[in-house]
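data_7.pdb (PDB, C-alpha atoms) appears below.
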```pdb
ATOM      1  CA  MET C 282       4.584  -8.326 -65.969
ATOM      2  CA  ARG C 283       2.918  -7.985 -69.314
ATOM      3  CA  ASP C 284      -0.096  -6.158 -70.637
ATOM      4  CA  LEU C 285      -3.281  -8.153 -71.135
ATOM      5  CA  ASN C 286      -5.320  -7.846 -74.291
ATOM      6  CA  PHE C 287      -9.114  -7.455 -74.224
ATOM      7  CA  GLU C 288      -9.864 -11.182 -74.511
ATOM      8  CA  GLU C 289      -7.545 -12.022 -71.622
ATOM      9  CA  VAL C 290      -9.117  -9.326 -69.454
ATOM     10  CA  GLN C 291     -12.583 -10.744 -70.259
ATOM     11  CA  GLU C 292     -11.457 -14.226 -69.164
ATOM     12  CA  VAL C 293     -10.240 -12.886 -65.831
ATOM     13  CA  ASN C 294     -13.319 -10.674 -65.477
ATOM     14  CA  GLY C 295     -15.770 -13.552 -65.922
ATOM     15  CA  GLY C 296     -16.329 -13.458 -69.655
ATOM     16  CA  ASP C 297     -18.869 -11.679 -71.778
ATOM     17  CA  TRP C 298     -21.842 -12.656 -69.652
ATOM     18  CA  ASP C 299     -24.474 -10.015 -69.112
ATOM     19  CA  TRP C 300     -24.739 -10.114 -65.344
ATOM     20  CA  GLY C 301     -27.677  -7.692 -65.354
ATOM     21  CA  ALA C 302     -29.727 -10.107 -67.449
ATOM     22  CA  ILE C 303     -28.664 -13.061 -65.320
ATOM     23  CA  GLY C 304     -29.623 -11.208 -62.142
ATOM     24  CA  THR C 305     -32.988 -10.295 -63.637
ATOM     25  CA  GLY C 306     -33.570 -13.922 -64.560
ATOM     26  CA  VAL C 307     -32.751 -15.139 -61.070
ATOM     27  CA  ALA C 308     -35.134 -12.538 -59.623
ATOM     28  CA  LEU C 309     -37.929 -13.640 -61.973
ATOM     29  CA  ILE C 310     -37.441 -17.281 -61.017
ATOM     30  CA  GLY C 311     -37.567 -16.217 -57.360
ATOM     31  CA  LEU C 312     -40.800 -14.351 -58.074
ATOM     32  CA  GLY C 313     -42.303 -17.480 -59.617
ATOM     33  CA  VAL C 314     -41.301 -19.550 -56.592
ATOM     34  CA  ALA C 315     -42.747 -16.927 -54.233
ATOM     35  CA  ILE C 316     -46.038 -16.895 -56.131
ATOM     36  CA  VAL C 317     -46.343 -20.671 -55.909
ATOM     37  CA  ALA C 318     -45.281 -20.735 -52.258
ATOM     38  CA  THR C 319     -47.843 -18.168 -51.097
ATOM     39  CA  ALA C 320     -50.767 -18.493 -53.505
ATOM     40  CA  GLY C 321     -52.380 -21.650 -52.170
ATOM     41  CA  LEU C 322     -52.540 -20.697 -48.510
ATOM     42  CA  ALA C 323     -56.181 -19.623 -48.538
ATOM     43  CA  THR C 324     -57.469 -22.215 -50.992
ATOM     44  CA  VAL C 325     -58.022 -25.943 -50.924
ATOM     45  CA  PRO C 326     -54.951 -27.799 -52.201
ATOM     46  CA  ILE C 327     -55.364 -29.165 -55.716
ATOM     47  CA  GLY C 328     -54.664 -32.721 -54.565
ATOM     48  CA  LEU C 329     -57.480 -32.682 -52.022
ATOM     49  CA  ALA C 330     -60.033 -31.057 -54.296
ATOM     50  CA  GLY C 331     -59.199 -33.265 -57.240
ATOM     51  CA  ALA C 332     -59.282 -30.345 -59.652
ATOM     52  CA  ALA C 333     -57.882 -26.865 -59.765
ATOM     53  CA  THR C 334     -60.072 -23.814 -59.521
ATOM     54  CA  ALA C 335     -59.752 -21.093 -62.134
ATOM     55  CA  GLY C 336     -57.829 -18.909 -59.665
ATOM     56  CA  GLU C 337     -55.293 -21.647 -58.993
ATOM     57  CA  ILE C 338     -54.800 -22.179 -62.706
ATOM     58  CA  ILE C 339     -54.182 -18.444 -63.210
ATOM     59  CA  VAL C 340     -51.712 -18.347 -60.307
ATOM     60  CA  ALA C 341     -49.871 -21.395 -61.606
ATOM     61  CA  GLY C 342     -49.728 -19.844 -65.074
ATOM     62  CA  ALA C 343     -48.309 -16.609 -63.680
ATOM     63  CA  ALA C 344     -45.679 -18.517 -61.717
ATOM     64  CA  LEU C 345     -44.684 -20.603 -64.725
ATOM     65  CA  GLY C 346     -44.571 -17.478 -66.882
ATOM     66  CA  ALA C 347     -42.295 -15.674 -64.427
ATOM     67  CA  ALA C 348     -39.999 -18.668 -64.089
ATOM     68  CA  GLY C 349     -39.897 -19.164 -67.854
ATOM     69  CA  ALA C 350     -39.063 -15.517 -68.437
ATOM     70  CA  GLY C 351     -36.322 -15.858 -65.836
ATOM     71  CA  GLY C 352     -34.850 -18.812 -67.691
ATOM     72  CA  VAL C 353     -34.896 -16.881 -70.949
ATOM     73  CA  ALA C 354     -33.189 -13.903 -69.293
ATOM     74  CA  ILE C 355     -30.475 -16.101 -67.785
ATOM     75  CA  GLY C 356     -29.927 -17.868 -71.099
ATOM     76  CA  SER C 357     -29.641 -14.627 -73.032
ATOM     77  CA  GLY C 358     -27.217 -13.267 -70.447
ATOM     78  CA  MET C 359     -24.961 -16.291 -70.881
ATOM     79  CA  GLN C 360     -25.207 -16.416 -74.661
ATOM     80  CA  GLU C 361     -21.946 -16.186 -76.584
ATOM     81  CA  GLU C 362     -21.930 -13.395 -79.095
TER      82      GLU C 362
END
```

The structure in this file should be written as structure tokens.
Amino acid sequence: MRDLNFEEVQEVNGGDWDWGAIGTGVALIGLGVAIVATAGLATVPIGLAGAATAGEIIVAGAALGAAGAGGVAIGSGMQEE
């Protein structure tokens, strides 16, 4: 048996990743997917109408924003310092 230094403990522990930020990012991506999955149920699909209504554009923007913020959160959680 020997004592481990801080760097060795971090390797065993999973590294310096910020798991809180990664979890937040995954949740935000899930939120974006949920918005897209449920938003179009009461409206005409974009493909059938040929053009998106203003509400569909806003919903799509919110979903993309949530997913993008999730990606940023995951990336910052995995960033080497």

- Query: How far is it from atom CA of C:Glu337 to atom CA of C:Gly349, in Å with one decimal?
  - Reply: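 Spanning atom CA of C:Glu337 to atom CA of C:Gly349 is a straight-line distance of 17.9 Å.
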
Excluding C:Gly351 and any residue of its chain fewer than 3 positions from it, enumerate the residues within 8 Å of it, using all atoms listed in the file, and give them as a short mmCIF file (atom, residue, chain, number, x, y, z; two decimals) with C-alpha atoms, keeping the file's coordinate frame.
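Writing the result to part_36.cif gives the following:
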```cif
data_model
loop_
_atom_site.label_atom_id
_atom_site.label_comp_id
_atom_site.auth_asym_id
_atom_site.auth_seq_id
_atom_site.Cartn_x
_atom_site.Cartn_y
_atom_site.Cartn_z
CA THR C 305 -32.99 -10.30 -63.64
CA GLY C 306 -33.57 -13.92 -64.56
CA VAL C 307 -32.75 -15.14 -61.07
CA ALA C 308 -35.13 -12.54 -59.62
CA LEU C 309 -37.93 -13.64 -61.97
CA ILE C 310 -37.44 -17.28 -61.02
CA ALA C 347 -42.30 -15.67 -64.43
CA ALA C 348 -40.00 -18.67 -64.09
CA ALA C 354 -33.19 -13.90 -69.29
CA ILE C 355 -30.48 -16.10 -67.78
#
```

- Message: Please list, as a PyMOL selection string, the residues that have an atom at most 7 Å away from (-26.4, -14.5, -64.6) in the coordinates of this file, counting all atoms listed in the file.
- Response: chain C and resi 299-304+355+358-359

- Message: Using all atoms listed in the file, which protein or nucleic acid residues come within 12 Å of stretch 344-346 of chain C? Drop anything in the same chain fewer than 4 positions from it, and give the result as a PyMOL selection string.
- Response: chain C and resi 306+309-320+337-340+350-353

- Query: Please, what distance in Å, to one decimal, runs between atom CA of C:Glu289 and atom CA of C:Gln360?
  - Reply: 18.5 Å
